[in-house]
Amino acid sequence: MQRVKLSDSLEMSRLVYGMWRLGDDTDTSAAHVEAKIQACLDQGITTFDQADIYGDYNAEAVLGAALRDNPALRQNMEIVTKCDIVAPCGRYSHAKVKYYDTSRGHILKSVETSLSEMAIDHIDLLLIHRPDPFMDHNETGAALDEVVASGKVRAVGVSNFRPWDWNLLQSAMKTPLVTNQIEISLGEISPFTNGDLAFHQQHGQPVMAWSPLGGGLLMAGNPPVGVVADEIGEEFGVDRAAVAIAFLLAHPAGILPVLGTNNLDRIKRISDALKVKLDRESWFRLYEAALGQEVP
C-alpha cells in the first residue's frame, strides 16, 4: 500500500477506511469492530476516518470500545477525526439549532472528548469539519496551533473548505494545514474544474475524498458511469466500485479516497482498486460518462 506524507510527523495510507456508519451496524461489538480494523490492516490500510458527530456522536465511542479491548491495534493506526458541528442530537440534544463552533473553547473540549471516547492519547489528524461563517480565524487558528503544540494532535487540516476558506484560516496559523477532505467521485466531479482540486494540487497538499462512490448511487442500477466502469472492471477482474476508486487514485493530485462500509467482505476488497491501472483514455471514458456528454 502506498504511503502519503502529509507532514514531517504524519504519513497515511493511500486508501482510508471511513467510520461514518460504524455506529449504525447491527453489530457494534468490540470484536466485530476489531475484525473490520484487522481486515483493513491486512491490506495495508492503516488510516481510519472519524468525526465527533458520526453516529449522533457515538461512533468514536464504538471505536474506543475496540481499542480498549485490544490496545495493541492503536500502534498500527492513524486516526483522523473532526469537530465544529453542533447538531441537536446525542450530547448536544439540548441545542436549539444546528450550528458550527470553531471557538477555542469548543475545539479544546472536542479534542479532550475525542481522546476519551476513542481511548487514545493523541489524534493523528484533526479536521475542522465544515467552514464556519461566524469563524474568528485568529481564534480558530491559534486554537489549532495550541492543540498541536500540546502533543494531543499531530497535524491539522479542514474538510469541505473552499480555497478562500483555507487561505483565511491558514493566514492566522503557525502550523501548516495538511489536507482538505472534500466530496469527489464519479457522481461529484465539480472539484476537477471548479478550482478546488487545482488549488491544493498547486500547493502540493494531498486531498482526501469523502463519498468516493457517490453514497452508493454509482453502484446501484445501470447508470452510464456504471456501464463503463463494468467494462473496465471486467478487464482487470474487479467490480465497478474498484474502478470508481481507481478513477480517483489515477489523478496526479494524489487523492486519498475515504471508503466507508460495514460489510466485512466489502472491506476486505477495498484494495482491489489498486489492481486497476487507468490510462488517460480510460480515465476520460469514465469522466465523459460522469459528465453526461463529450468534453468540449
# chains A, B, ... in the order shown; residues from 1 in each chain; ligands from 1
>>> residues_around(residues="Asp49 in chain A", least_positions_apart="5", cutoff="8 Å", atoms="only C-alpha atoms", output="list of chain:residue names")
A:Val16, A:Tyr17, A:Gly18, A:Met19, A:Trp20, A:Ile79, A:Val80, A:Thr81, A:Val258
>>> residues_around(residues="Ser29 in chain A", least_positions_apart="6", cutoff="12 Å", atoms="only C-alpha atoms", output="number ranges by chain")
A: 22-23, 35-36, 59, 61-69
>>> write_last_selection(atoms="C-alpha atoms", output="JSON list (two decimals), in the first residue's frame")
[["chain", "number", "residue", "atom", "x", "y", "z"],
["A", 22, "LEU", "CA", -19.69, 2.47, 12.34],
["A", 23, "GLY", "CA", -22.35, 3.01, 14.99],
["A", 35, "ALA", "CA", -12.43, -7.55, 12.74],
["A", 36, "LYS", "CA", -13.07, -4.55, 10.48],
["A", 59, "ALA", "CA", -19.11, 6.36, 16.52],
["A", 61, "ALA", "CA", -17.07, 5.53, 21.43],
["A", 62, "VAL", "CA", -17.74, 2.42, 19.33],
["A", 63, "LEU", "CA", -14.17, 2.59, 18.05],
["A", 64, "GLY", "CA", -12.93, 3.29, 21.58],
["A", 65, "ALA", "CA", -14.50, 0.11, 22.91],
["A", 66, "ALA", "CA", -12.49, -1.92, 20.40],
["A", 67, "LEU", "CA", -9.26, -0.08, 21.24],
["A", 68, "ARG", "CA", -9.83, -0.60, 24.97],
["A", 69, "ASP", "CA", -10.40, -4.29, 24.29]]
>>> residues_around(residues="Leu144 in chain A", least_positions_apart="5", cutoff="12 Å", atoms="only C-alpha atoms", output="number ranges by chain")
A: 83, 102-108, 110-111, 125-128, 137-139, 149-158, 169-170, 172-177
>>> select_by_dssp(residues="range 16-256 of chain A", states="strand (DSSP E)", output="MDAnalysis selection string")
chainID A and resid 16:18 47:49 78:83 85:86 99:100 123:128 153:159 177:183 207:210 256
>>> write_last_selection(atoms="C-alpha atoms", output="PDB file, in the first residue's frame")
ATOM      1  CA  VAL A  16      -8.596   5.334   4.098  1.00  0.00           C
ATOM      2  CA  TYR A  17     -11.328   3.444   5.948  1.00  0.00           C
ATOM      3  CA  GLY A  18     -14.237   5.736   6.822  1.00  0.00           C
ATOM      4  CA  THR A  47      -5.709   5.255   8.310  1.00  0.00           C
ATOM      5  CA  PHE A  48      -9.176   5.450   9.876  1.00  0.00           C
ATOM      6  CA  ASP A  49     -11.503   8.417   9.455  1.00  0.00           C
ATOM      7  CA  GLU A  78      -3.535   6.672  12.092  1.00  0.00           C
ATOM      8  CA  ILE A  79      -6.759   8.130  13.448  1.00  0.00           C
ATOM      9  CA  VAL A  80      -8.440  11.121  11.818  1.00  0.00           C
ATOM     10  CA  THR A  81     -11.338  12.908  13.477  1.00  0.00           C
ATOM     11  CA  LYS A  82     -13.256  16.146  13.028  1.00  0.00           C
ATOM     12  CA  CYS A  83     -15.003  18.788  15.090  1.00  0.00           C
ATOM     13  CA  ILE A  85     -20.554  20.681  14.015  1.00  0.00           C
ATOM     14  CA  VAL A  86     -23.071  21.060  16.834  1.00  0.00           C
ATOM     15  CA  TYR A  99     -24.590  25.297  14.016  1.00  0.00           C
ATOM     16  CA  TYR A 100     -20.800  25.374  13.710  1.00  0.00           C
ATOM     17  CA  ILE A 123      -5.214  12.327  17.456  1.00  0.00           C
ATOM     18  CA  ASP A 124      -3.120  11.892  14.322  1.00  0.00           C
ATOM     19  CA  LEU A 125      -5.120  14.359  12.244  1.00  0.00           C
ATOM     20  CA  LEU A 126      -7.797  16.790  13.408  1.00  0.00           C
ATOM     21  CA  LEU A 127     -10.013  18.437  10.791  1.00  0.00           C
ATOM     22  CA  ILE A 128     -12.390  21.381  11.075  1.00  0.00           C
ATOM     23  CA  VAL A 153      -2.886  16.382  17.903  1.00  0.00           C
ATOM     24  CA  ARG A 154      -0.117  15.575  15.404  1.00  0.00           C
ATOM     25  CA  ALA A 155      -1.439  17.518  12.424  1.00  0.00           C
ATOM     26  CA  VAL A 156      -4.449  19.625  11.458  1.00  0.00           C
ATOM     27  CA  GLY A 157      -6.496  20.216   8.351  1.00  0.00           C
ATOM     28  CA  VAL A 158     -10.007  21.019   7.199  1.00  0.00           C
ATOM     29  CA  SER A 159     -12.994  19.471   5.469  1.00  0.00           C
ATOM     30  CA  LEU A 177      -2.848  22.833   7.285  1.00  0.00           C
ATOM     31  CA  VAL A 178      -2.062  19.490   5.662  1.00  0.00           C
ATOM     32  CA  THR A 179      -5.233  18.389   3.862  1.00  0.00           C
ATOM     33  CA  ASN A 180      -8.785  19.247   2.855  1.00  0.00           C
ATOM     34  CA  GLN A 181     -11.379  16.468   2.856  1.00  0.00           C
ATOM     35  CA  ILE A 182     -13.924  17.228   0.130  1.00  0.00           C
ATOM     36  CA  GLU A 183     -16.549  15.339  -1.822  1.00  0.00           C
ATOM     37  CA  VAL A 207      -6.781  15.955  -0.769  1.00  0.00           C
ATOM     38  CA  MET A 208      -8.995  13.363   0.934  1.00  0.00           C
ATOM     39  CA  ALA A 209     -12.174  12.382  -0.932  1.00  0.00           C
ATOM     40  CA  TRP A 210     -15.319  11.637   1.038  1.00  0.00           C
ATOM     41  CA  LEU A 256      -6.862   9.777  -0.825  1.00  0.00           C
TER      42      LEU A 256
END
>>> decode(residues="range 86-224 of chain A", atoms="C-alpha atoms", output="PDB file, in the first residue's frame")
ATOM      1  CA  VAL A  86     -23.071  21.060  16.834  1.00  0.00           C
ATOM      2  CA  ALA A  87     -26.318  19.280  15.966  1.00  0.00           C
ATOM      3  CA  PRO A  88     -29.371  18.802  18.225  1.00  0.00           C
ATOM      4  CA  CYS A  89     -28.755  15.116  18.934  1.00  0.00           C
ATOM      5  CA  GLY A  90     -26.655  12.969  21.239  1.00  0.00           C
ATOM      6  CA  ARG A  91     -24.571  15.035  23.654  1.00  0.00           C
ATOM      7  CA  TYR A  92     -25.909  18.227  22.076  1.00  0.00           C
ATOM      8  CA  SER A  93     -29.594  17.263  22.142  1.00  0.00           C
ATOM      9  CA  HIS A  94     -30.273  20.471  24.052  1.00  0.00           C
ATOM     10  CA  ALA A  95     -29.139  22.631  21.101  1.00  0.00           C
ATOM     11  CA  LYS A  96     -31.943  24.707  19.600  1.00  0.00           C
ATOM     12  CA  VAL A  97     -30.407  24.742  16.132  1.00  0.00           C
ATOM     13  CA  LYS A  98     -27.636  23.049  14.187  1.00  0.00           C
ATOM     14  CA  TYR A  99     -24.590  25.297  14.016  1.00  0.00           C
ATOM     15  CA  TYR A 100     -20.800  25.374  13.710  1.00  0.00           C
ATOM     16  CA  ASP A 101     -18.486  26.225  16.600  1.00  0.00           C
ATOM     17  CA  THR A 102     -14.853  26.993  15.802  1.00  0.00           C
ATOM     18  CA  SER A 103     -14.180  28.803  19.086  1.00  0.00           C
ATOM     19  CA  ARG A 104     -11.090  27.942  21.122  1.00  0.00           C
ATOM     20  CA  GLY A 105     -13.191  26.532  23.941  1.00  0.00           C
ATOM     21  CA  HIS A 106     -15.135  24.223  21.669  1.00  0.00           C
ATOM     22  CA  ILE A 107     -12.063  22.959  19.813  1.00  0.00           C
ATOM     23  CA  LEU A 108     -10.162  22.204  23.036  1.00  0.00           C
ATOM     24  CA  LYS A 109     -13.189  20.488  24.577  1.00  0.00           C
ATOM     25  CA  SER A 110     -13.781  18.468  21.396  1.00  0.00           C
ATOM     26  CA  VAL A 111     -10.181  17.229  21.383  1.00  0.00           C
ATOM     27  CA  GLU A 112     -10.421  16.087  25.004  1.00  0.00           C
ATOM     28  CA  THR A 113     -13.752  14.371  24.376  1.00  0.00           C
ATOM     29  CA  SER A 114     -12.496  12.587  21.259  1.00  0.00           C
ATOM     30  CA  LEU A 115      -9.383  11.361  23.070  1.00  0.00           C
ATOM     31  CA  SER A 116     -11.533   9.989  25.882  1.00  0.00           C
ATOM     32  CA  GLU A 117     -14.173   8.441  23.626  1.00  0.00           C
ATOM     33  CA  MET A 118     -11.616   6.670  21.441  1.00  0.00           C
ATOM     34  CA  ALA A 119      -9.333   5.691  24.352  1.00  0.00           C
ATOM     35  CA  ILE A 120      -6.247   7.232  22.746  1.00  0.00           C
ATOM     36  CA  ASP A 121      -3.609   9.696  23.921  1.00  0.00           C
ATOM     37  CA  HIS A 122      -3.317  11.654  20.673  1.00  0.00           C
ATOM     38  CA  ILE A 123      -5.214  12.327  17.456  1.00  0.00           C
ATOM     39  CA  ASP A 124      -3.120  11.892  14.322  1.00  0.00           C
ATOM     40  CA  LEU A 125      -5.120  14.359  12.244  1.00  0.00           C
ATOM     41  CA  LEU A 126      -7.797  16.790  13.408  1.00  0.00           C
ATOM     42  CA  LEU A 127     -10.013  18.437  10.791  1.00  0.00           C
ATOM     43  CA  ILE A 128     -12.390  21.381  11.075  1.00  0.00           C
ATOM     44  CA  HIS A 129     -15.460  19.622   9.682  1.00  0.00           C
ATOM     45  CA  ARG A 130     -17.292  22.496   7.954  1.00  0.00           C
ATOM     46  CA  PRO A 131     -16.485  26.119   7.112  1.00  0.00           C
ATOM     47  CA  ASP A 132     -17.905  28.333   9.838  1.00  0.00           C
ATOM     48  CA  PRO A 133     -19.410  31.597   8.515  1.00  0.00           C
ATOM     49  CA  PHE A 134     -19.043  33.013  12.049  1.00  0.00           C
ATOM     50  CA  MET A 135     -15.379  31.975  12.400  1.00  0.00           C
ATOM     51  CA  ASP A 136     -12.861  34.234  14.072  1.00  0.00           C
ATOM     52  CA  HIS A 137      -9.901  32.951  12.073  1.00  0.00           C
ATOM     53  CA  ASN A 138      -7.396  34.320  14.588  1.00  0.00           C
ATOM     54  CA  GLU A 139      -9.041  32.466  17.460  1.00  0.00           C
ATOM     55  CA  THR A 140      -9.544  29.258  15.477  1.00  0.00           C
ATOM     56  CA  GLY A 141      -6.027  29.300  14.054  1.00  0.00           C
ATOM     57  CA  ALA A 142      -4.478  29.877  17.483  1.00  0.00           C
ATOM     58  CA  ALA A 143      -6.535  27.024  18.956  1.00  0.00           C
ATOM     59  CA  LEU A 144      -5.348  24.630  16.252  1.00  0.00           C
ATOM     60  CA  ASP A 145      -1.753  25.716  16.838  1.00  0.00           C
ATOM     61  CA  GLU A 146      -2.325  25.107  20.547  1.00  0.00           C
ATOM     62  CA  VAL A 147      -3.580  21.535  20.246  1.00  0.00           C
ATOM     63  CA  VAL A 148      -0.636  20.634  18.008  1.00  0.00           C
ATOM     64  CA  ALA A 149       1.847  22.238  20.409  1.00  0.00           C
ATOM     65  CA  SER A 150       0.281  20.264  23.269  1.00  0.00           C
ATOM     66  CA  GLY A 151       1.066  16.954  21.548  1.00  0.00           C
ATOM     67  CA  LYS A 152      -2.581  15.915  21.677  1.00  0.00           C
ATOM     68  CA  VAL A 153      -2.886  16.382  17.903  1.00  0.00           C
ATOM     69  CA  ARG A 154      -0.117  15.575  15.404  1.00  0.00           C
ATOM     70  CA  ALA A 155      -1.439  17.518  12.424  1.00  0.00           C
ATOM     71  CA  VAL A 156      -4.449  19.625  11.458  1.00  0.00           C
ATOM     72  CA  GLY A 157      -6.496  20.216   8.351  1.00  0.00           C
ATOM     73  CA  VAL A 158     -10.007  21.019   7.199  1.00  0.00           C
ATOM     74  CA  SER A 159     -12.994  19.471   5.469  1.00  0.00           C
ATOM     75  CA  ASN A 160     -15.343  20.951   2.879  1.00  0.00           C
ATOM     76  CA  PHE A 161     -13.351  24.214   2.691  1.00  0.00           C
ATOM     77  CA  ARG A 162     -13.105  26.291  -0.459  1.00  0.00           C
ATOM     78  CA  PRO A 163      -9.688  27.796  -1.318  1.00  0.00           C
ATOM     79  CA  TRP A 164     -10.591  31.176   0.222  1.00  0.00           C
ATOM     80  CA  ASP A 165     -11.711  29.498   3.467  1.00  0.00           C
ATOM     81  CA  TRP A 166      -8.399  27.636   3.575  1.00  0.00           C
ATOM     82  CA  ASN A 167      -6.368  30.789   2.962  1.00  0.00           C
ATOM     83  CA  LEU A 168      -8.223  32.757   5.631  1.00  0.00           C
ATOM     84  CA  LEU A 169      -7.626  30.155   8.341  1.00  0.00           C
ATOM     85  CA  GLN A 170      -4.044  29.424   7.303  1.00  0.00           C
ATOM     86  CA  SER A 171      -3.212  33.143   7.425  1.00  0.00           C
ATOM     87  CA  ALA A 172      -3.719  33.077  11.205  1.00  0.00           C
ATOM     88  CA  MET A 173      -1.685  29.926  11.885  1.00  0.00           C
ATOM     89  CA  LYS A 174       1.899  28.916  12.522  1.00  0.00           C
ATOM     90  CA  THR A 175       1.084  25.246  11.892  1.00  0.00           C
ATOM     91  CA  PRO A 176       0.520  24.272   8.235  1.00  0.00           C
ATOM     92  CA  LEU A 177      -2.848  22.833   7.285  1.00  0.00           C
ATOM     93  CA  VAL A 178      -2.062  19.490   5.662  1.00  0.00           C
ATOM     94  CA  THR A 179      -5.233  18.389   3.862  1.00  0.00           C
ATOM     95  CA  ASN A 180      -8.785  19.247   2.855  1.00  0.00           C
ATOM     96  CA  GLN A 181     -11.379  16.468   2.856  1.00  0.00           C
ATOM     97  CA  ILE A 182     -13.924  17.228   0.130  1.00  0.00           C
ATOM     98  CA  GLU A 183     -16.549  15.339  -1.822  1.00  0.00           C
ATOM     99  CA  ILE A 184     -15.114  13.900  -5.034  1.00  0.00           C
ATOM    100  CA  SER A 185     -16.411  10.958  -7.042  1.00  0.00           C
ATOM    101  CA  LEU A 186     -17.744   9.999 -10.434  1.00  0.00           C
ATOM    102  CA  GLY A 187     -21.012  11.392  -9.072  1.00  0.00           C
ATOM    103  CA  GLU A 188     -19.414  14.685  -7.970  1.00  0.00           C
ATOM    104  CA  ILE A 189     -16.816  15.754 -10.494  1.00  0.00           C
ATOM    105  CA  SER A 190     -17.001  19.531  -9.983  1.00  0.00           C
ATOM    106  CA  PRO A 191     -13.734  19.701  -7.951  1.00  0.00           C
ATOM    107  CA  PHE A 192     -11.843  18.719 -11.095  1.00  0.00           C
ATOM    108  CA  THR A 193     -12.801  22.013 -12.760  1.00  0.00           C
ATOM    109  CA  ASN A 194     -14.034  24.477 -10.107  1.00  0.00           C
ATOM    110  CA  GLY A 195     -10.581  25.213  -8.711  1.00  0.00           C
ATOM    111  CA  ASP A 196     -10.831  23.178  -5.501  1.00  0.00           C
ATOM    112  CA  LEU A 197      -8.527  20.381  -6.591  1.00  0.00           C
ATOM    113  CA  ALA A 198      -6.254  22.651  -8.644  1.00  0.00           C
ATOM    114  CA  PHE A 199      -5.661  24.891  -5.616  1.00  0.00           C
ATOM    115  CA  HIS A 200      -4.359  22.042  -3.474  1.00  0.00           C
ATOM    116  CA  GLN A 201      -2.507  20.371  -6.339  1.00  0.00           C
ATOM    117  CA  GLN A 202      -0.663  23.638  -6.950  1.00  0.00           C
ATOM    118  CA  HIS A 203       0.497  23.731  -3.331  1.00  0.00           C
ATOM    119  CA  GLY A 204       1.307  20.026  -3.048  1.00  0.00           C
ATOM    120  CA  GLN A 205      -1.417  19.337  -0.473  1.00  0.00           C
ATOM    121  CA  PRO A 206      -2.986  15.859  -0.752  1.00  0.00           C
ATOM    122  CA  VAL A 207      -6.781  15.955  -0.769  1.00  0.00           C
ATOM    123  CA  MET A 208      -8.995  13.363   0.934  1.00  0.00           C
ATOM    124  CA  ALA A 209     -12.174  12.382  -0.932  1.00  0.00           C
ATOM    125  CA  TRP A 210     -15.319  11.637   1.038  1.00  0.00           C
ATOM    126  CA  SER A 211     -18.186   9.661  -0.504  1.00  0.00           C
ATOM    127  CA  PRO A 212     -15.922   8.427  -3.341  1.00  0.00           C
ATOM    128  CA  LEU A 213     -18.673   6.055  -4.505  1.00  0.00           C
ATOM    129  CA  GLY A 214     -21.316   8.779  -4.596  1.00  0.00           C
ATOM    130  CA  GLY A 215     -23.061   7.486  -1.494  1.00  0.00           C
ATOM    131  CA  GLY A 216     -23.519   4.120  -3.215  1.00  0.00           C
ATOM    132  CA  LEU A 217     -25.578   5.598  -6.050  1.00  0.00           C
ATOM    133  CA  LEU A 218     -22.846   4.810  -8.577  1.00  0.00           C
ATOM    134  CA  MET A 219     -23.054   1.158  -7.617  1.00  0.00           C
ATOM    135  CA  ALA A 220     -26.824   0.814  -7.985  1.00  0.00           C
ATOM    136  CA  GLY A 221     -28.656   0.024 -11.194  1.00  0.00           C
ATOM    137  CA  ASN A 222     -27.102   0.563 -14.588  1.00  0.00           C
ATOM    138  CA  PRO A 223     -26.162   4.253 -14.968  1.00  0.00           C
ATOM    139  CA  PRO A 224     -23.872   5.276 -17.858  1.00  0.00           C
TER     140      PRO A 224
END
